[in-house]
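Shown next, in structure tokens, is the structure this report addresses.
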Amino acid sequence: MIELSSRDGVRKFSNYFWLAMLCLLAFTAIAPLFFIFAYLLVRGWAGLSFAFFTEIPKPVGEVGGGMANAITGSLVLMGLSTVFGVPLGLACGMALSELKKSAIAKMLRISIDLLTSVPSIVIGLFAYALVVVPMRGYSAWAGGFALSIVMVPIVARSTEEILKLVPASIHEAGLALGLPRWKVLIRLILPGVRAGVTTGILLALARVSGETAPLLFTAFSNSFGYRGLSAPTASLPVQIYTYATSHDETWRQLAWTGALVLVFVVFCLNLVTRILTRRTV
Amino acid sequence: MTEAIQKTVQPIGVATAALETKRLSAWFGDLHVVKDISLTVEKNDVFSLIGPSGCGKSTFIRCLNRLHEETDGARVRGEVLIPGAGKRENIYAQGVDPVSIRRRVGMVFQKPNPFPGLSIFDNVAAGLKLAGVVRRNVLEEIVEISLVQAALWDEVKDKLKKPGTSLSGGQQQRLCIARALAVRPQVLLMDEPTSALDPISTARIEELVMKLRSDVTVLIVTHNMQQAARISNQTAFFLMGELVEVGPTKSIFTKPKDSRTEQYITGRFG
């Protein structure tokens with residue numbers, strides 16, 4: 001017995017030791033998140049003012065101004081990409097869940113996974129060739145199109161996953177009422193997974209709200225505010241990129257504040273997603 | 001020879017049969033689970049199907065509204081005849097749309113499965129609404145009639161807008177019965193409708209099934225032999241995909257002809 005209890009001591013020590021190691025490693029992994037947040041708060045807070053949200057940037061050398069152009073631009077681009085990307089993504093997701101293991105579904109699934117991993121700069125190039133060149137100019141259309149390509153696979157896979165959770169018996173209940181499959185899916189199954197589908201859409205939005213590369217040569221940028229869907233359109237990520245690399249102190253401050261706002265928006269989107277997910281399950 | 005003639009000239013059954021199967025077989029892949037079943041269900045029967053687990057009784061009734069074929073690798077052969085416009089119609093004949101068959105042959109499942117996210121009202125109205133019935137007063141009337149028929153109206157009439165999933169298990173199952181009745185089927189298939197319910201809910205549903213008899217023909221799969229004895233007037237005993245014996249419930253339970261039926265109902269196996 002005595003021998004055993006001394007072994008117990010070793011076992012307990014080793015248990016606590018490894019637990020402590022795991023906690024340390026876990027903290028190391030998420031530490032950058034806190035550092036980023038803290039640093040953005042420190043650097044960006046100073047520039048946070050009413051003017052930041054309502055005024056357009058002032059010319060180089062002048063003090064003041066805001067990022068109103070980039071904020072409205074980002075909203076327009078996110079709106080456009082939602083309009084293009086969400087219906088397509090939903091359709092893909094529903095097709096995947098209906099076709100299950102058929103050859104078409106497998107191909108579709110592989111294509112969507114590939115699309116997820118296509119570098120976003122390549123998506124930007126694609127949109128440039130397909131929209132910017134024929135339209136002879138940068139535009140919100142082109143930017144929204146590029147962002148929607150980023151959204152489609154995210155929405156598609158999350159929709160598929162959420163539909164997979166619906167028991168087959170619910171499908172059968174609909175079929176047994178004498179309704180065609182597509183009606184059962186769209187009118188009876190989809191309303192039941194609203195929250196889950198919305199979650200996927202919000203996640204996709206959170207993702208595209210920070211995308212820079214697809215916008216560089218599609219929506220490009222402007223310094224005046226919204227000038228229509230066919231005009232170059234500013235966005236937070238692109239403006240942050242431009243201003244952060246400039247030599248103007250005011251602009252660099254704007255970039256920090258812009259980054260803070262952007263991260264805050266993404267954070268909020270993720271938080272809403274969390275709450276919605278909890279309500280679904 | 002005389003037997004063959006007798007079978008072809010058997011007009012009595014034809015006139016009143018609500019459903020007849022002829023050499024109906026069903027498979028899951030290579031697994032032959034329903035073997036050559038021929039039986040007749042008369043109009044306004046409560047027809048129970050009993051037998052041990054895996055004997056093919058659930059698969060059998062899933063063939064009667066063409067739901068079996070929705071499963072991957074499932075296959076059906078044979079005929080199922082139900083009265084159509086003027087004459088009887090084989091639901092497996094070429095060109096028959098399973099969707100139209102399922103409006104005439106409704107189904108209630110083992111576990112209550114109301115549509116999540118839909119209100120009590122919309123659950124019952126779903127079949128009609130999606131089939132194109134849009135007039136609110138028509139929908140309201142049919143929803144009320146169906147809920148009354150399913151003995152649920154009094155419990156839910158003040159909360160029709162609440163989600164269907166907010167009801168108790170027994171209420172949910174009656175909601176599913178109301179939903180199936182709302183499309184006015186000729187035949188109602190029930191696949192162990194009380195096996196997930198407590199005794200009180202079970203009693204309510206049994207009572208309800210006996211009342212439904214006057215409006216609709218009921219085929220009910222059950223594991224509970226007392227239930228079959230209580231509510232049905234005809235019983236069929238299935239064993240390993242075969243129909244062993246069929247007849248009036250009373251005689252199946254009191255003087256079965258086949259020794260396997262006797263062994264099963266006296267609890268010696270299954």
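Here, A, B, ... name the chains of the structure tokens in the order displayed, residue numbers run from 1 inside each chain, and ligands are numbered from 1 in the same displayed order.
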
- Message: Quick one: residues within 12 Å of A:Thr72, only C-alpha atoms, excluding same-chain residues fewer than 5 positions away - as a list in words?
- Response: Phe53, Thr54, Glu55, Ile56, Gly66, Met67, Leu77, Met78, Gly79, Ala140, Ser221, Asn222, Ser223, Phe224, Gly225, Tyr226, Arg227, Gly228, Leu229, Thr233, Ala234, Ser235 and Leu236 of chain A

- Task: Would you kindly return, as a ChimeraX atom specification, each protein, DNA or RNA residue with an atom no farther than 8 Å from any atom of B:Ala17, considering only C-alpha atoms and excluding same-chain residues fewer than 5 positions away?
- Result: /B:40-43,82-83

Quick one: write out the picked residues with N, CA, C and O atoms as a PDB file, in the first residue's frame?
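The resulting file, again-v2.pdb, is reproduced below:
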```pdb
ATOM      1  N   THR B  40     -55.435  -7.811 -48.769  1.00  0.00           N
ATOM      2  CA  THR B  40     -56.472  -6.828 -49.077  1.00  0.00           C
ATOM      3  C   THR B  40     -56.917  -6.149 -47.787  1.00  0.00           C
ATOM      4  O   THR B  40     -57.130  -6.812 -46.779  1.00  0.00           O
ATOM      5  N   VAL B  41     -56.997  -4.823 -47.845  1.00  0.00           N
ATOM      6  CA  VAL B  41     -57.491  -4.067 -46.700  1.00  0.00           C
ATOM      7  C   VAL B  41     -58.813  -3.433 -47.125  1.00  0.00           C
ATOM      8  O   VAL B  41     -58.870  -2.729 -48.128  1.00  0.00           O
ATOM      9  N   GLU B  42     -59.867  -3.753 -46.371  1.00  0.00           N
ATOM     10  CA  GLU B  42     -61.188  -3.223 -46.734  1.00  0.00           C
ATOM     11  C   GLU B  42     -61.318  -1.774 -46.283  1.00  0.00           C
ATOM     12  O   GLU B  42     -60.615  -1.329 -45.372  1.00  0.00           O
ATOM     13  N   LYS B  43     -62.266  -1.076 -46.912  1.00  0.00           N
ATOM     14  CA  LYS B  43     -62.517   0.304 -46.543  1.00  0.00           C
ATOM     15  C   LYS B  43     -62.948   0.386 -45.076  1.00  0.00           C
ATOM     16  O   LYS B  43     -63.678  -0.462 -44.588  1.00  0.00           O
ATOM     17  N   ILE B  82     -55.028   0.993 -55.331  1.00  0.00           N
ATOM     18  CA  ILE B  82     -55.939   1.801 -54.514  1.00  0.00           C
ATOM     19  C   ILE B  82     -57.008   2.378 -55.435  1.00  0.00           C
ATOM     20  O   ILE B  82     -56.765   2.550 -56.625  1.00  0.00           O
ATOM     21  N   PRO B  83     -58.203   2.652 -54.896  1.00  0.00           N
ATOM     22  CA  PRO B  83     -59.261   3.196 -55.747  1.00  0.00           C
ATOM     23  C   PRO B  83     -58.847   4.568 -56.279  1.00  0.00           C
ATOM     24  O   PRO B  83     -58.387   5.418 -55.518  1.00  0.00           O
TER      25      PRO B  83
END
```

Which residues of chain A have any atom within 6 Å of an atom in chain B when counting only C-alpha atoms, and what is the closest pair of atoms for each, with the distance in Å to one decimal? Order the rows by chain and rising number and write it as CSV.
```
residue,atom,partner,partner_atom,distance
A:Ile170,CA,B:Asn113,CA,5.8
A:Ala176,CA,B:Arg102,CA,5.5
A:Leu177,CA,B:Gly127,CA,5.5
A:Gly178,CA,B:Arg102,CA,4.4
A:Leu179,CA,B:Val99,CA,5.8
A:Pro191,CA,B:Gly117,CA,5.6
A:Gly192,CA,B:Gly117,CA,4.1
```

- Message: Residues of stretch 54-175 of chain B classed as alpha helix (DSSP H) by DSSP on the backbone are to be reported as an MDAnalysis selection string.
- Response: chainID B and resid 57:64 98:104 120:129 136:149 153:156 169:175

- Message: Set the distance at 12 Å and use only C-alpha atoms: which residues neighbour A:Ser49 once local chain neighbours fewer than 3 positions away are removed? I'd like the list as a list in words.
- Response: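 The neighbour list is Gly44, Trp45, Ala46, Phe52, Phe53, Thr54, Glu55, Gly64, Gly65, Gly66, Met67, Ala68, Gln253, Leu254, Thr257, Gly258 and Val261 of chain A.
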
Could you write those residues out with N, CA, C and O atoms, as an mmCIF file, in the first residue's frame?
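In the end it all went to selection.cif:
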```cif
data_model
loop_
_atom_site.group_PDB
_atom_site.id
_atom_site.type_symbol
_atom_site.label_atom_id
_atom_site.label_comp_id
_atom_site.auth_asym_id
_atom_site.auth_seq_id
_atom_site.Cartn_x
_atom_site.Cartn_y
_atom_site.Cartn_z
ATOM 1 N N GLY A 44 -5.223 52.926 -31.974
ATOM 2 C CA GLY A 44 -6.375 53.414 -32.737
ATOM 3 C C GLY A 44 -7.324 54.300 -31.961
ATOM 4 O O GLY A 44 -8.020 55.132 -32.533
ATOM 5 N N TRP A 45 -7.342 54.117 -30.648
ATOM 6 C CA TRP A 45 -8.329 54.818 -29.810
ATOM 7 C C TRP A 45 -8.265 56.323 -30.004
ATOM 8 O O TRP A 45 -9.291 56.993 -30.090
ATOM 9 N N ALA A 46 -7.040 56.851 -30.101
ATOM 10 C CA ALA A 46 -6.834 58.294 -30.186
ATOM 11 C C ALA A 46 -7.572 58.889 -31.380
ATOM 12 O O ALA A 46 -8.085 60.005 -31.311
ATOM 13 N N PHE A 52 -14.446 60.607 -37.664
ATOM 14 C CA PHE A 52 -13.902 59.414 -38.322
ATOM 15 C C PHE A 52 -14.981 58.706 -39.144
ATOM 16 O O PHE A 52 -14.731 58.196 -40.231
ATOM 17 N N PHE A 53 -16.203 58.679 -38.601
ATOM 18 C CA PHE A 53 -17.288 57.951 -39.269
ATOM 19 C C PHE A 53 -18.032 58.803 -40.290
ATOM 20 O O PHE A 53 -18.753 58.281 -41.127
ATOM 21 N N THR A 54 -17.916 60.165 -40.183
ATOM 22 C CA THR A 54 -18.754 61.009 -41.031
ATOM 23 C C THR A 54 -17.983 61.769 -42.096
ATOM 24 O O THR A 54 -18.564 62.192 -43.087
ATOM 25 N N GLU A 55 -16.669 61.954 -41.918
ATOM 26 C CA GLU A 55 -15.930 62.783 -42.877
ATOM 27 C C GLU A 55 -15.084 61.942 -43.806
ATOM 28 O O GLU A 55 -14.632 60.850 -43.448
ATOM 29 N N GLY A 64 -7.090 66.161 -39.581
ATOM 30 C CA GLY A 64 -8.520 65.856 -39.485
ATOM 31 C C GLY A 64 -8.974 64.918 -40.580
ATOM 32 O O GLY A 64 -8.162 64.259 -41.249
ATOM 33 N N GLY A 65 -10.288 64.847 -40.787
ATOM 34 C CA GLY A 65 -10.839 63.944 -41.783
ATOM 35 C C GLY A 65 -11.140 62.582 -41.194
ATOM 36 O O GLY A 65 -10.734 62.269 -40.073
ATOM 37 N N GLY A 66 -11.876 61.795 -41.960
ATOM 38 C CA GLY A 66 -12.254 60.471 -41.461
ATOM 39 C C GLY A 66 -12.240 59.437 -42.561
ATOM 40 O O GLY A 66 -11.646 59.665 -43.625
ATOM 41 N N MET A 67 -12.886 58.326 -42.338
ATOM 42 C CA MET A 67 -12.910 57.238 -43.318
ATOM 43 C C MET A 67 -14.331 56.929 -43.775
ATOM 44 O O MET A 67 -14.654 55.786 -44.097
ATOM 45 N N ALA A 68 -15.191 57.947 -43.764
ATOM 46 C CA ALA A 68 -16.587 57.723 -44.149
ATOM 47 C C ALA A 68 -16.675 57.036 -45.505
ATOM 48 O O ALA A 68 -17.509 56.155 -45.716
ATOM 49 N N GLN A 253 -2.652 57.561 -38.614
ATOM 50 C CA GLN A 253 -3.573 57.460 -37.480
ATOM 51 C C GLN A 253 -4.931 56.912 -37.936
ATOM 52 O O GLN A 253 -5.509 56.046 -37.297
ATOM 53 N N LEU A 254 -5.393 57.425 -39.091
ATOM 54 C CA LEU A 254 -6.665 56.931 -39.647
ATOM 55 C C LEU A 254 -6.598 55.420 -39.882
ATOM 56 O O LEU A 254 -7.541 54.688 -39.607
ATOM 57 N N THR A 257 -7.016 53.563 -36.588
ATOM 58 C CA THR A 257 -8.404 53.609 -36.137
ATOM 59 C C THR A 257 -9.292 52.736 -37.025
ATOM 60 O O THR A 257 -10.166 52.022 -36.540
ATOM 61 N N GLY A 258 -9.015 52.809 -38.328
ATOM 62 C CA GLY A 258 -9.762 51.958 -39.264
ATOM 63 C C GLY A 258 -9.608 50.488 -38.920
ATOM 64 O O GLY A 258 -10.580 49.721 -38.914
ATOM 65 N N VAL A 261 -11.707 49.640 -35.920
ATOM 66 C CA VAL A 261 -13.130 49.524 -36.261
ATOM 67 C C VAL A 261 -13.396 48.215 -36.989
ATOM 68 O O VAL A 261 -14.344 47.487 -36.687
#
```

I'd like the neighbourhood of A:Ala38 as a compact mmCIF listing (two decimals) with N, CA, C and O atoms, in the first residue's frame, where a residue qualifies if any of its atoms comes within 12 Å (using only C-alpha atoms), though same-chain residues fewer than 5 positions away should be ignored.
```txt
# COMPACT_ATOMS: atom_id res chain seq x y z
N ALA A 31 -2.62 34.04 -27.42
CA ALA A 31 -2.06 35.32 -26.98
C ALA A 31 -2.06 36.39 -28.09
O ALA A 31 -2.42 37.53 -27.82
N PRO A 32 -1.67 36.02 -29.33
CA PRO A 32 -1.63 37.05 -30.37
C PRO A 32 -2.94 37.81 -30.49
O PRO A 32 -2.94 39.02 -30.74
N LEU A 33 -4.07 37.09 -30.31
CA LEU A 33 -5.37 37.75 -30.42
C LEU A 33 -5.46 38.91 -29.44
O LEU A 33 -5.85 40.03 -29.80
N ARG A 43 -3.24 52.14 -30.17
CA ARG A 43 -2.89 53.00 -31.30
C ARG A 43 -4.10 53.64 -31.96
O ARG A 43 -4.03 54.75 -32.48
N GLY A 44 -5.22 52.93 -31.97
CA GLY A 44 -6.38 53.41 -32.74
C GLY A 44 -7.32 54.30 -31.96
O GLY A 44 -8.02 55.13 -32.53
N TRP A 45 -7.34 54.12 -30.65
CA TRP A 45 -8.33 54.82 -29.81
C TRP A 45 -8.26 56.32 -30.00
O TRP A 45 -9.29 56.99 -30.09
N LEU A 260 -8.91 49.24 -36.03
CA LEU A 260 -9.65 48.98 -34.80
C LEU A 260 -11.13 48.75 -35.09
O LEU A 260 -11.74 47.79 -34.62
N VAL A 263 -11.69 45.37 -36.97
CA VAL A 263 -11.58 44.21 -36.08
C VAL A 263 -12.79 44.13 -35.16
O VAL A 263 -13.34 43.06 -34.89
N PHE A 264 -13.26 45.30 -34.71
CA PHE A 264 -14.43 45.33 -33.85
C PHE A 264 -15.66 44.78 -34.58
O PHE A 264 -16.42 43.98 -34.02
```

- Between B:Asp191, B:Asp198, B:Glu69, B:Glu262, which one has atoms that come closest to B:Ser168, using only C-alpha atoms?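 Comparing B:Asp191, B:Asp198, B:Glu69, B:Glu262 against B:Ser168, the winner is B:Asp198.
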
- Item | Residue neighbourhood B:Phe269, 12 Å, only C-alpha atoms, exclusion window fewer than 5 positions, as a list in words | Gly51, Pro52, Ser53, Leu239, Ser259, Arg260, Thr261, Glu262, Gln263 and Tyr264 of chain B

So that I have them on file, write out the residues from the current selection with C-alpha atoms, as a short mmCIF file (atom, residue, chain, number, x, y, z; two decimals), in the first residue's frame.
```
data_model
loop_
_atom_site.label_atom_id
_atom_site.label_comp_id
_atom_site.auth_asym_id
_atom_site.auth_seq_id
_atom_site.Cartn_x
_atom_site.Cartn_y
_atom_site.Cartn_z
CA GLY B 51 -44.42 -9.30 -35.98
CA PRO B 52 -40.96 -9.26 -34.43
CA SER B 53 -38.45 -6.50 -35.15
CA LEU B 239 -42.26 -13.06 -40.00
CA SER B 259 -48.28 -22.48 -35.18
CA ARG B 260 -45.76 -19.61 -35.68
CA THR B 261 -48.51 -17.05 -35.08
CA GLU B 262 -49.51 -18.89 -31.94
CA GLN B 263 -45.93 -19.01 -30.71
CA TYR B 264 -45.50 -15.29 -31.32
#
```

- Task: Considering only C-alpha atoms, state which residue in the set B:Ile120, B:Met240, B:Met190, B:Leu197 is at the smallest distance from B:Asp158.
- Result: B:Ile120

- Query: Between A:Ala219, A:Leu276, A:Leu41, A:Gly137, which is the closest to A:Ala259 once you count only C-alpha atoms?
  - Reply: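 Under the stated criterion, the closest residue is A:Leu41.
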
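Between atom CA of B:Ser38 and atom CA of B:Lys257 the separation is 17.8 Å.
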
Neighbouring residues of A:Met94 were defined as those with any atom within 9 Å, considering only C-alpha atoms; residues of the same chain fewer than 4 positions away were excluded. Please report them as a short mmCIF file (atom, residue, chain, number, x, y, z; two decimals) with all heavy atoms, in the first residue's frame.
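The resulting file, selection.cif, is reproduced below:
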```cif
data_model
loop_
_atom_site.label_atom_id
_atom_site.label_comp_id
_atom_site.auth_asym_id
_atom_site.auth_seq_id
_atom_site.Cartn_x
_atom_site.Cartn_y
_atom_site.Cartn_z
N GLY A 89 -24.52 30.42 -52.87
CA GLY A 89 -24.01 29.54 -51.81
C GLY A 89 -25.11 28.66 -51.25
O GLY A 89 -24.91 27.46 -51.05
N LEU A 90 -26.28 29.25 -51.01
CA LEU A 90 -27.42 28.47 -50.50
C LEU A 90 -27.79 27.37 -51.48
O LEU A 90 -27.99 26.22 -51.09
CB LEU A 90 -28.63 29.39 -50.28
CG LEU A 90 -28.64 30.25 -49.03
CD1 LEU A 90 -29.93 31.07 -48.97
CD2 LEU A 90 -28.53 29.39 -47.79
N GLU A 98 -28.89 17.48 -50.86
CA GLU A 98 -29.86 16.63 -51.55
C GLU A 98 -29.18 15.50 -52.30
O GLU A 98 -29.64 14.37 -52.29
CB GLU A 98 -30.67 17.45 -52.56
CG GLU A 98 -31.89 18.11 -51.99
CD GLU A 98 -32.90 17.13 -51.43
OE1 GLU A 98 -33.58 16.46 -52.20
OE2 GLU A 98 -33.01 17.03 -50.19
N LEU A 99 -28.06 15.83 -52.96
CA LEU A 99 -27.41 14.84 -53.83
C LEU A 99 -26.53 13.89 -53.03
O LEU A 99 -26.10 12.86 -53.55
CB LEU A 99 -26.57 15.55 -54.90
CG LEU A 99 -27.36 16.48 -55.81
CD1 LEU A 99 -26.44 17.32 -56.68
CD2 LEU A 99 -28.30 15.68 -56.70
N ALA A 156 -21.95 27.77 -48.79
CA ALA A 156 -22.35 26.46 -49.29
C ALA A 156 -22.06 25.37 -48.26
O ALA A 156 -22.92 24.56 -47.92
CB ALA A 156 -21.65 26.15 -50.60
N THR A 159 -24.16 25.71 -45.06
CA THR A 159 -25.55 25.31 -45.31
C THR A 159 -25.67 23.80 -45.39
O THR A 159 -26.56 23.19 -44.82
CB THR A 159 -26.07 25.95 -46.61
OG1 THR A 159 -25.89 27.36 -46.53
CG2 THR A 159 -27.54 25.65 -46.83
N GLU A 160 -24.71 23.19 -46.10
CA GLU A 160 -24.75 21.73 -46.21
C GLU A 160 -24.66 21.07 -44.83
O GLU A 160 -25.41 20.17 -44.50
CB GLU A 160 -23.61 21.22 -47.10
CG GLU A 160 -23.72 19.73 -47.37
CD GLU A 160 -22.42 19.08 -47.78
OE1 GLU A 160 -21.40 19.80 -47.91
OE2 GLU A 160 -22.40 17.86 -47.95
N LEU A 163 -27.86 21.46 -42.88
CA LEU A 163 -28.95 20.64 -43.42
C LEU A 163 -28.74 19.17 -43.08
O LEU A 163 -29.68 18.41 -42.94
CB LEU A 163 -29.07 20.83 -44.93
CG LEU A 163 -29.70 22.16 -45.35
CD1 LEU A 163 -29.64 22.31 -46.87
CD2 LEU A 163 -31.13 22.27 -44.87
N LEU A 185 -37.76 20.84 -49.14
CA LEU A 185 -36.49 21.41 -48.71
C LEU A 185 -36.59 22.92 -48.47
O LEU A 185 -36.19 23.43 -47.42
CB LEU A 185 -35.43 21.11 -49.78
CG LEU A 185 -34.02 21.55 -49.44
CD1 LEU A 185 -33.53 20.79 -48.21
CD2 LEU A 185 -33.08 21.32 -50.61
N ILE A 186 -37.16 23.62 -49.44
CA ILE A 186 -37.14 25.09 -49.36
C ILE A 186 -38.19 25.62 -48.38
O ILE A 186 -37.91 26.53 -47.61
CB ILE A 186 -37.34 25.71 -50.77
CG1 ILE A 186 -36.13 25.37 -51.62
CG2 ILE A 186 -37.53 27.21 -50.68
CD1 ILE A 186 -36.25 25.79 -53.05
#
```

Test item: residues at most 8 Å from stretch 46-50 of chain B, only C-alpha atoms, excluding those fewer than 4 positions along its chain, as a short mmCIF file (atom, residue, chain, number, x, y, z; two decimals) with N, CA and C atoms, in the first residue's frame:
```
data_model
loop_
_atom_site.label_atom_id
_atom_site.label_comp_id
_atom_site.auth_asym_id
_atom_site.auth_seq_id
_atom_site.Cartn_x
_atom_site.Cartn_y
_atom_site.Cartn_z
N VAL B 41 -57.00 -4.82 -47.85
CA VAL B 41 -57.49 -4.07 -46.70
C VAL B 41 -58.81 -3.43 -47.13
N LYS B 57 -42.39 -5.38 -41.60
CA LYS B 57 -43.72 -4.73 -41.58
C LYS B 57 -43.63 -3.23 -41.82
N VAL B 209 -57.57 6.62 -33.06
CA VAL B 209 -57.51 5.75 -34.25
C VAL B 209 -58.86 5.07 -34.44
N MET B 210 -59.46 4.62 -33.33
CA MET B 210 -60.75 3.94 -33.46
C MET B 210 -61.84 4.89 -33.97
N ARG B 213 -61.64 5.67 -37.91
CA ARG B 213 -62.13 4.61 -38.77
C ARG B 213 -63.24 5.03 -39.71
N THR B 217 -59.25 4.75 -43.86
CA THR B 217 -58.80 3.40 -43.59
C THR B 217 -57.42 3.47 -42.94
N VAL B 218 -57.23 2.75 -41.86
CA VAL B 218 -55.97 2.86 -41.12
C VAL B 218 -55.18 1.55 -41.18
N LEU B 219 -53.91 1.65 -41.57
CA LEU B 219 -52.99 0.52 -41.42
C LEU B 219 -51.99 0.89 -40.35
N ILE B 220 -51.88 0.07 -39.32
CA ILE B 220 -51.01 0.43 -38.22
C ILE B 220 -50.02 -0.69 -37.92
N VAL B 221 -48.74 -0.31 -37.90
CA VAL B 221 -47.70 -1.26 -37.51
C VAL B 221 -47.53 -1.12 -36.00
N THR B 222 -47.51 -2.23 -35.30
CA THR B 222 -47.32 -2.13 -33.86
C THR B 222 -46.51 -3.29 -33.31
N HIS B 223 -45.75 -2.97 -32.27
CA HIS B 223 -45.00 -4.00 -31.56
C HIS B 223 -45.80 -4.52 -30.40
N ASN B 224 -46.88 -3.77 -30.12
CA ASN B 224 -47.63 -4.03 -28.91
C ASN B 224 -48.87 -4.85 -29.29
N MET B 225 -48.87 -6.12 -28.92
CA MET B 225 -49.95 -6.99 -29.36
C MET B 225 -51.28 -6.64 -28.72
N ALA B 228 -52.78 -4.01 -30.85
CA ALA B 228 -53.40 -4.56 -32.04
C ALA B 228 -54.76 -5.16 -31.68
N ILE B 231 -57.43 -2.21 -30.85
CA ILE B 231 -57.93 -1.20 -31.79
C ILE B 231 -58.23 -1.72 -33.19
N SER B 232 -57.74 -2.90 -33.57
CA SER B 232 -57.91 -3.27 -34.97
C SER B 232 -58.97 -4.34 -35.15
N ASN B 233 -59.56 -4.35 -36.35
CA ASN B 233 -60.50 -5.43 -36.64
C ASN B 233 -59.88 -6.49 -37.55
N GLN B 234 -58.75 -6.12 -38.19
CA GLN B 234 -58.03 -7.11 -39.00
C GLN B 234 -56.57 -7.09 -38.57
N THR B 235 -55.94 -8.24 -38.57
CA THR B 235 -54.53 -8.29 -38.18
C THR B 235 -53.76 -9.18 -39.15
N ALA B 236 -52.54 -8.75 -39.47
CA ALA B 236 -51.66 -9.58 -40.29
C ALA B 236 -50.39 -9.83 -39.50
N PHE B 237 -49.92 -11.07 -39.50
CA PHE B 237 -48.71 -11.43 -38.79
C PHE B 237 -47.59 -11.64 -39.79
N PHE B 238 -46.51 -10.86 -39.63
CA PHE B 238 -45.35 -10.93 -40.52
C PHE B 238 -44.21 -11.63 -39.81
#
```

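When only C-alpha atoms are used to measure the gap to A:Gly200, the shortest distance among A:Thr277, A:Thr218, A:Ser246, A:Asn15 belongs to A:Thr277.
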
- Message: Please report the interatomic distance between atom CA of A:Arg274 and atom CA of A:Leu215 in Å with one decimal.
- Response: 28.0 Å

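Using only C-alpha atoms, the shortest contact distance between A:Leu75 and any of A:Ile201, A:Val133, A:Leu24, A:Val208 is found at A:Val208.
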